[in-house]
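This is final00.txt. It holds compact mmCIF, C-alpha atoms and all ligand atoms.
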# COMPACT_ATOMS: atom_id res chain seq x y z
CA MET A 267 -42.59 1.90 -6.74
CA LYS A 268 -45.53 3.39 -4.93
CA ARG A 269 -43.66 3.27 -1.68
CA LYS A 270 -40.74 5.15 -3.26
CA TYR A 271 -43.01 7.99 -4.48
CA LEU A 272 -44.66 8.20 -1.10
CA PHE A 273 -41.24 8.48 0.52
CA LEU A 274 -40.18 11.25 -1.89
CA SER A 275 -43.43 13.12 -1.28
CA ILE A 276 -42.83 13.02 2.43
CA ILE A 277 -39.33 14.41 1.93
CA PHE A 278 -40.72 17.16 -0.29
CA LEU A 279 -43.47 18.14 2.13
CA PHE A 280 -41.59 18.07 5.39
CA VAL A 281 -37.89 18.38 4.75
CA LEU A 282 -37.34 20.47 1.64
CA PRO A 283 -39.53 23.49 2.56
CA GLY A 284 -37.23 24.13 5.50
CA TYR A 285 -34.38 24.76 3.09
CA VAL A 286 -35.96 25.80 -0.20
CA PHE A 287 -38.67 28.03 1.23
CA ALA A 288 -36.81 29.41 4.29
CA LYS A 289 -37.52 33.12 4.59
CA PRO A 290 -34.56 35.25 3.56
CA VAL A 291 -32.82 37.44 6.15
CA LYS A 292 -34.58 40.81 6.19
CA ILE A 293 -32.82 44.01 7.28
CA GLN A 294 -34.84 47.14 7.96
CA ILE A 295 -33.47 50.61 8.78
CA VAL A 296 -35.96 52.93 10.52
CA PRO A 297 -36.02 55.74 9.56
CA ARG A 298 -33.99 55.23 6.38
CA LYS A 299 -33.30 58.97 6.03
CA ILE A 300 -31.90 60.87 9.01
CA PHE A 301 -30.06 64.10 9.87
CA PRO A 302 -26.53 64.30 11.35
CA GLY A 303 -26.75 63.56 15.09
CA ASP A 304 -29.82 61.34 14.78
CA ALA A 305 -30.40 57.82 16.13
CA PHE A 306 -32.06 55.08 14.05
CA LEU A 307 -33.06 51.43 14.37
CA ILE A 308 -31.58 48.43 12.61
CA LYS A 309 -33.98 45.47 12.63
CA ILE A 310 -33.06 41.98 11.49
CA LYS A 311 -35.59 39.20 10.87
CA ASN A 312 -35.21 35.52 9.98
CA LEU A 313 -31.58 35.24 11.07
CA ARG A 314 -31.13 31.52 11.56
CA ASN A 315 -27.58 31.31 12.88
CA LYS A 316 -27.20 31.76 16.61
CA ASN A 317 -24.48 34.41 16.64
CA THR A 318 -25.65 37.80 17.93
CA PRO A 319 -24.92 40.20 15.07
CA VAL A 320 -22.86 43.40 15.20
CA ALA A 321 -23.32 46.40 12.89
CA LEU A 322 -20.48 48.57 11.60
CA ILE A 323 -21.40 52.11 10.52
CA ASN A 324 -18.92 54.93 9.87
CA LYS A 325 -16.18 52.92 11.69
CA LYS A 326 -18.30 52.42 14.84
CA GLU A 327 -19.71 49.14 16.10
CA PHE A 328 -23.29 48.89 17.36
CA ALA A 329 -24.54 46.00 19.48
CA PHE A 330 -27.72 44.05 18.72
CA VAL A 331 -30.11 42.49 21.18
CA GLU A 332 -32.44 39.56 20.46
CA PHE A 333 -36.19 40.20 20.30
CA GLY A 334 -37.80 36.82 19.67
CA LYS A 335 -36.54 33.97 17.53
CA GLY A 336 -34.26 35.14 14.71
CA CYS A 337 -35.16 38.82 15.34
CA TYR A 338 -32.57 41.34 16.46
CA ILE A 339 -32.58 45.08 17.03
CA ALA A 340 -29.78 47.67 17.38
CA ILE A 341 -29.87 51.41 17.93
CA GLY A 342 -27.34 53.19 15.72
CA ALA A 343 -26.37 56.86 15.40
CA ILE A 344 -24.43 59.18 13.11
CA ASP A 345 -22.26 62.02 14.44
CA ILE A 346 -23.44 65.61 14.06
CA ASN A 347 -20.29 66.33 12.04
CA ALA A 348 -20.95 63.50 9.55
CA ARG A 349 -21.13 64.62 5.92
CA PRO A 350 -24.50 64.22 4.24
CA GLY A 351 -24.73 61.25 1.88
CA LYS A 352 -25.18 57.51 1.73
CA TYR A 353 -23.61 55.41 4.53
CA LYS A 354 -22.97 51.68 4.33
CA ILE A 355 -24.22 49.47 7.14
CA LYS A 356 -22.25 46.23 7.42
CA ILE A 357 -23.73 43.51 9.61
CA LYS A 358 -21.74 40.52 10.76
CA SER A 359 -23.18 37.42 12.43
CA GLY A 360 -20.77 34.51 12.78
CA ASN A 361 -19.53 33.82 9.24
CA SER A 362 -22.46 35.59 7.58
CA ASN A 363 -22.25 39.16 6.33
CA PHE A 364 -25.13 41.40 5.33
CA LYS A 365 -25.33 44.93 3.96
CA SER A 366 -27.74 47.81 4.03
CA ASN A 367 -27.50 51.57 3.84
CA LEU A 368 -28.66 54.80 5.38
CA LEU A 369 -29.16 58.26 3.92
CA VAL A 370 -27.91 61.24 5.95
CA LYS A 371 -29.62 64.42 4.78
CA ARG A 372 -28.12 67.90 4.91
CA LYS A 373 -29.28 70.10 7.78
CA ILE A 374 -28.43 73.70 8.53
CA PHE A 375 -28.34 74.08 12.31
CA PRO A 376 -29.32 77.59 13.48
CA SER A 377 -26.99 80.01 15.29
CA VAL A 378 -27.85 82.08 18.35
CA SER A 379 -25.93 84.82 20.18
CA LEU A 380 -25.68 84.83 23.97
CA ASN A 381 -24.16 87.11 26.56
CA LEU A 382 -22.87 85.56 29.77
CA PRO A 383 -20.49 86.71 32.52
CA ASP A 384 -16.97 86.70 31.02
CA GLU A 385 -15.65 84.15 33.54
CA LYS A 386 -18.21 81.61 32.30
CA VAL A 387 -17.18 82.10 28.67
CA PHE A 388 -13.43 82.57 29.06
CA PRO A 389 -12.36 80.20 31.86
CA SER A 390 -9.16 80.77 33.84
CA ASP A 391 -6.23 78.34 33.43
CA ASP A 392 -7.33 76.50 36.59
CA ASP A 393 -10.87 76.22 35.29
CA LEU A 394 -9.59 75.03 31.90
CA LYS A 395 -7.71 72.24 33.66
CA ARG A 396 -10.88 71.37 35.61
CA ILE A 397 -12.97 71.35 32.39
CA GLN A 398 -10.41 69.08 30.69
CA ASP A 399 -10.44 66.61 33.62
CA GLU A 400 -14.23 66.63 33.68
CA ASN A 401 -14.41 65.92 29.92
CA ILE A 402 -12.05 62.96 30.35
CA LYS A 403 -14.16 61.61 33.21
CA MET A 404 -17.38 62.13 31.25
CA ASN A 405 -15.99 60.24 28.25
CA GLU A 406 -14.76 57.47 30.55
CA VAL A 407 -18.09 56.91 32.32
CA SER A 408 -20.09 57.06 29.08
CA GLY A 409 -17.67 55.00 26.99
CA LEU A 410 -18.50 51.47 28.12
CA ILE A 411 -20.90 49.10 26.39
CA THR A 412 -22.78 47.22 29.12
CA GLU A 413 -25.76 44.84 28.95
CA LYS A 414 -29.15 46.21 27.89
CA LYS A 415 -31.07 47.92 30.67
CA TRP A 416 -33.50 50.09 28.66
CA GLU A 417 -37.03 48.78 28.16
CA GLY A 418 -39.20 50.18 25.40
CA ASN A 419 -39.22 53.82 24.27
CA PHE A 420 -37.10 56.52 25.91
CA ILE A 421 -39.09 59.40 27.41
CA PHE A 422 -38.51 63.13 27.92
CA PRO A 423 -37.31 63.87 31.49
CA LEU A 424 -39.51 66.96 31.64
CA GLU A 425 -42.68 67.72 29.65
CA ASN A 426 -41.94 71.42 29.22
CA GLU A 427 -41.29 73.55 26.16
CA ILE A 428 -37.84 73.26 24.58
CA SER A 429 -35.78 76.46 24.64
CA THR A 430 -32.63 75.38 22.75
CA LEU A 431 -32.62 72.59 20.19
CA PHE A 432 -29.87 70.07 19.53
CA GLY A 433 -27.10 71.23 17.19
CA VAL A 434 -27.65 74.97 17.67
CA LYS A 435 -24.41 76.93 17.25
CA ARG A 436 -24.09 79.31 20.18
CA ILE A 437 -21.94 82.39 19.81
CA MET A 438 -21.09 83.59 23.30
CA ASN A 439 -20.00 87.15 24.07
CA GLU A 440 -19.46 87.56 20.30
CA GLN A 441 -16.28 85.48 20.38
CA TRP A 442 -16.69 81.95 21.64
CA THR A 443 -18.73 79.37 19.74
CA SER A 444 -19.98 76.00 20.87
CA ILE A 445 -22.37 73.41 19.47
CA HIS A 446 -25.33 72.54 21.68
CA LYS A 447 -25.10 68.78 22.26
CA GLY A 448 -28.50 68.23 23.84
CA LEU A 449 -31.96 69.70 24.34
CA ASP A 450 -32.70 72.50 26.81
CA PHE A 451 -36.09 72.41 28.50
CA LYS A 452 -37.60 75.49 30.09
CA GLY A 453 -38.23 74.84 33.78
CA LYS A 454 -38.94 76.32 37.16
CA GLU A 455 -36.41 75.95 39.98
CA GLY A 456 -37.24 72.71 41.82
CA GLU A 457 -39.36 71.03 39.10
CA GLU A 458 -38.96 67.26 39.12
CA VAL A 459 -36.74 65.57 36.53
CA LYS A 460 -37.46 61.98 35.45
CA ALA A 461 -35.15 59.22 34.21
CA SER A 462 -35.56 58.72 30.46
CA ASN A 463 -35.43 54.91 30.72
CA ASN A 464 -34.33 52.10 33.04
CA GLY A 465 -30.63 52.19 33.83
CA LYS A 466 -27.84 52.51 36.36
CA VAL A 467 -26.49 55.84 37.64
CA VAL A 468 -22.79 56.13 36.74
CA LEU A 469 -22.04 59.77 37.66
CA THR A 470 -23.45 62.37 40.06
CA GLU A 471 -21.15 65.38 40.20
CA GLU A 472 -20.94 69.16 40.10
CA LEU A 473 -19.29 70.09 36.77
CA PHE A 474 -17.94 73.47 35.64
CA TYR A 475 -20.31 73.85 32.67
CA GLY A 476 -22.99 71.30 33.55
CA GLY A 477 -23.40 72.20 37.23
CA ASN A 478 -25.05 69.37 39.18
CA THR A 479 -25.04 66.53 36.67
CA ILE A 480 -26.40 62.97 36.53
CA VAL A 481 -25.35 60.35 33.96
CA ILE A 482 -27.38 57.13 33.58
CA ASP A 483 -26.14 54.04 31.72
CA HIS A 484 -29.03 52.39 29.82
CA GLY A 485 -26.87 49.63 28.35
CA LEU A 486 -25.73 48.80 24.78
CA GLY A 487 -23.71 52.06 24.73
CA ILE A 488 -26.63 54.45 25.49
CA TYR A 489 -26.22 57.07 28.25
CA SER A 490 -28.54 59.92 29.28
CA ILE A 491 -27.20 63.15 30.81
CA TYR A 492 -29.10 65.67 33.00
CA MET A 493 -27.45 69.04 33.81
CA HIS A 494 -27.85 72.28 35.80
CA LEU A 495 -29.89 70.51 38.52
CA SER A 496 -30.58 72.24 41.85
CA ARG A 497 -30.70 68.86 43.59
CA ILE A 498 -29.49 65.35 42.80
CA LYS A 499 -31.67 62.64 44.36
CA VAL A 500 -29.69 59.57 43.30
CA LYS A 501 -26.15 58.30 43.74
CA SER A 502 -23.65 56.41 41.61
CA GLY A 503 -24.54 52.71 41.43
CA ASP A 504 -28.31 53.22 41.94
CA GLU A 505 -30.56 51.22 39.63
CA ILE A 506 -33.25 53.47 38.22
CA LYS A 507 -36.63 52.81 36.62
CA LYS A 508 -37.97 54.79 33.66
CA GLY A 509 -39.92 57.83 34.93
CA GLU A 510 -38.34 57.76 38.41
CA ILE A 511 -37.59 61.22 39.90
CA ILE A 512 -33.80 61.66 39.89
CA GLY A 513 -33.39 65.37 40.65
CA ASN A 514 -34.78 68.89 40.39
CA VAL A 515 -34.42 71.67 37.82
CA GLY A 516 -31.90 74.36 38.72
CA SER A 517 -29.40 76.81 37.23
CA THR A 518 -26.09 75.41 38.49
CA GLY A 519 -23.00 75.57 36.21
CA ARG A 520 -23.07 77.72 33.06
CA ALA A 521 -26.74 78.67 32.93
CA THR A 522 -28.59 81.96 32.46
CA GLY A 523 -31.58 80.71 34.45
CA PRO A 524 -33.31 77.53 35.64
CA HIS A 525 -33.58 74.96 32.84
CA LEU A 526 -32.76 71.31 32.17
CA HIS A 527 -30.06 70.29 29.71
CA PHE A 528 -30.82 66.75 28.54
CA GLY A 529 -28.21 64.90 26.48
CA ILE A 530 -27.86 61.41 24.99
CA LYS A 531 -24.60 59.65 24.17
CA LEU A 532 -24.52 56.49 22.09
CA ASN A 533 -21.12 54.86 21.59
CA GLY A 534 -19.55 58.22 22.38
CA ILE A 535 -21.69 60.02 19.75
CA ASN A 536 -23.74 62.99 20.96
CA VAL A 537 -27.24 62.13 19.75
CA ASN A 538 -30.28 64.36 19.28
CA PRO A 539 -32.47 63.09 22.18
CA ASP A 540 -35.60 63.85 20.16
CA SER A 541 -34.56 61.33 17.47
CA LEU A 542 -34.00 58.59 20.09
CA ILE A 543 -37.33 59.27 21.82
CA LYS A 544 -39.17 59.05 18.48
CA LEU A 545 -37.89 55.51 17.85
CA ASN A 546 -40.50 52.85 18.49
CA ILE A 547 -38.62 50.19 20.41
ZN ZN A 601 -28.11 72.82 27.08

Output the file's structure as structure tokens, nothing else.
Amino acid sequence: MKRKYLFLSIIFLFVLPGYVFAKPVKIQIVPRKIFPGDAFLIKIKNLRNKNTPVALINKKEFAFVEFGKGCYIAIGAIDINARPGKYKIKIKSGNSNFKSNLLVKRKIFPSVSLNLPDEKVFPSDDDLKRIQDENIKMNEVSGLITEKKWEGNFIFPLENEISTLFGVKRIMNEQWTSIHKGLDFKGKEGEEVKASNNGKVVLTEELFYGGNTIVIDHGLGIYSIYMHLSRIKVKSGDEIKKGEIIGNVGSTGRATGPHLHFGIKLNGINVNPDSLIKLNI
């Protein structure tokens, strides 16, 4: 009898806790409330199966990466045109499914009026064709999901004052409107521009609107874009470290003066760079 109780006690102490007291899977969304165009983190803890999870939000998939045993992290984003409200986050890992949600708050983006030379606002047919081709190329180079290259927080490429915020509606020559899909930093011609994180250069080209442009792939669907540069110091295929000098501020393309346009794309979504930089990763 005694032996039997001892045996049961051993089972209770060493075997059962693993099942009965296993920590439940914990999903954390940081921040839980965002604005359209913002990035956010999805953190998973205590996931015991070995399948790397995938998150589905607003019909887009976001890739996770493992950070220690059973812990995963993904960077998600919501499009600037997304309606305010509650969004479901579905997470799939092997045969297991988990759910969470995210609140997208309403935001009124400001409007500004600009006056530029007419040819920069109303492109010719040839220029329109060029712009179209460049947009296709841009979407192609920033549309792939490659392995993670970023390490830790993203940084601003220039520490200057911001002149135009993300999401600003710009009314040009009183007729043409466009939404600003990045941040504009004030800058002096020639000032050094740094890479926002580790990555691989995937485009260095002179674009109609963007002028001299660099695109860096940071992996897991995240790309950073640097426009209007006077000089490009890297080439396609180069592997870049966070903070490395990649070019100089200029006023090439559609620009009223020297400044840096800094954009972030995540799974094809134009993201407010400020929201990505604020994430503690
Ligand atoms: Zn800009």

Counting all atoms listed in the file, the option among A:Ser496, A:Asn315, A:Thr518, A:Asn463 closest to ligand ZN 601 (chain A): A:Thr518

Non-local contacts of Ile374 (chain A) (12 Å; all atoms listed in the file; under 4 positions in same chain excluded) as number ranges by chain: A: 301-302, 346-347, 349-350, 432-435

Output, as lines of an AutoDock Vina configuration file, the centre and edge lengths in Å (one decimal) of the axis-aligned box that contains all listed atoms of region 544-547 of chain A with 4 Å of margin on each side.
center_x = -39.2
center_y = 54.6
center_z = 19.1
size_x = 10.6
size_y = 16.9
size_z = 10.6

Close residues, Thr412 (chain A) itself excluded, 12 Å, all atoms listed in the file, min 2 positions apart in chain, as a PyMOL selection string: chain A and resi 328-331+407-410+414-416+465-466+468+482-489+532-533

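Going from CA of Phe528 (chain A) over to CA of Asn367 (chain A), you cover 29.2 Å.
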
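As for CA of Leu307 (chain A) and CA of Lys508 (chain A), they are spaced 20.2 Å apart.
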
I'd like a table as CSV: residues in chain A with an atom no more than 6 Å from ligand ZN 601 (chain A), each row giving the shortest atom pair and its distance in Å to one decimal, only C-alpha atoms and all ligand atoms counted, sorted by chain and rising residue number.
residue,atom,partner,partner_atom,distance
A:Gly448,CA,A:ZN601,ZN,5.6
A:Leu449,CA,A:ZN601,ZN,5.7
A:Asp450,CA,A:ZN601,ZN,4.6
A:His527,CA,A:ZN601,ZN,4.1

What would the file look like if the residues just selected were written as an mmCIF file, in the frame of the given file with C-alpha atoms?
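The file below, again_1.cif, is the result:
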data_model
loop_
_atom_site.group_PDB
_atom_site.id
_atom_site.type_symbol
_atom_site.label_atom_id
_atom_site.label_comp_id
_atom_site.auth_asym_id
_atom_site.auth_seq_id
_atom_site.Cartn_x
_atom_site.Cartn_y
_atom_site.Cartn_z
ATOM 1 C CA GLY A 448 -28.500 68.230 23.840
ATOM 2 C CA LEU A 449 -31.960 69.700 24.340
ATOM 3 C CA ASP A 450 -32.700 72.500 26.810
ATOM 4 C CA HIS A 527 -30.060 70.290 29.710
#

Within 10 Å of file point (-35.5, 72.3, 34.3), counting all atoms listed in the file, expressed as JSON, numbers by chain: {"A": [423, 424, 425, 426, 450, 451, 452, 453, 454, 455, 456, 457, 458, 459, 492, 493, 494, 495, 496, 513, 514, 515, 516, 517, 523, 524, 525, 526, 527, 528]}

d(CA of Lys358 (chain A), CA of Asn317 (chain A)) in Å: 8.9 Å

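Proximity to Lys447 (chain A) was assessed for A:Leu469, A:Ile535, A:Leu382, A:Ile512 counting only C-alpha atoms; the smallest distance is recorded for A:Ile535.
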
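Distances here use only C-alpha atoms; by that measure, the residue among A:Glu505, A:Glu400, A:Glu385, A:Asp540 closest to Asp304 (chain A) is A:Asp540.
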
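Nearest residue to Ala340 (chain A) among A:Asn439, A:Thr522, A:Thr318, A:Ser444 is A:Thr318, counting all atoms listed in the file.
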
Exercise: Val467 (chain A) partners within 6 Å, only C-alpha atoms, chain neighbours under 6 positions left out, as a PyMOL selection string: chain A and resi 481-482+502-504

Selection near Leu313 (chain A), 7 Å with all atoms listed in the file, sequence-local residues under 6 positions removed, as a PyMOL selection string: chain A and resi 291+336-337

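You can rank A:Asn478, A:Ser462, A:Ser366, A:Asn381 by their closest distance to Trp442 (chain A) using all atoms listed in the file, and at the top of that list sits A:Asn381.
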
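Using only C-alpha atoms, every residue with an atom at most 12 Å from the point (-19.5, 43.8, 5.7) is listed here: A:Pro319, A:Val320, A:Ala321, A:Leu322, A:Ile323, A:Asn324, A:Lys325, A:Glu327, A:Lys354, A:Ile355, A:Lys356, A:Ile357, A:Lys358, A:Ser359, A:Gly360, A:Asn361, A:Ser362, A:Asn363, A:Phe364, A:Lys365, A:Ser366, A:Asn367.
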
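Shortest atom-to-atom contact with Glu510 (chain A) among A:Gly529, A:Lys460, A:Phe388, A:Leu545: A:Lys460, counting all atoms listed in the file.
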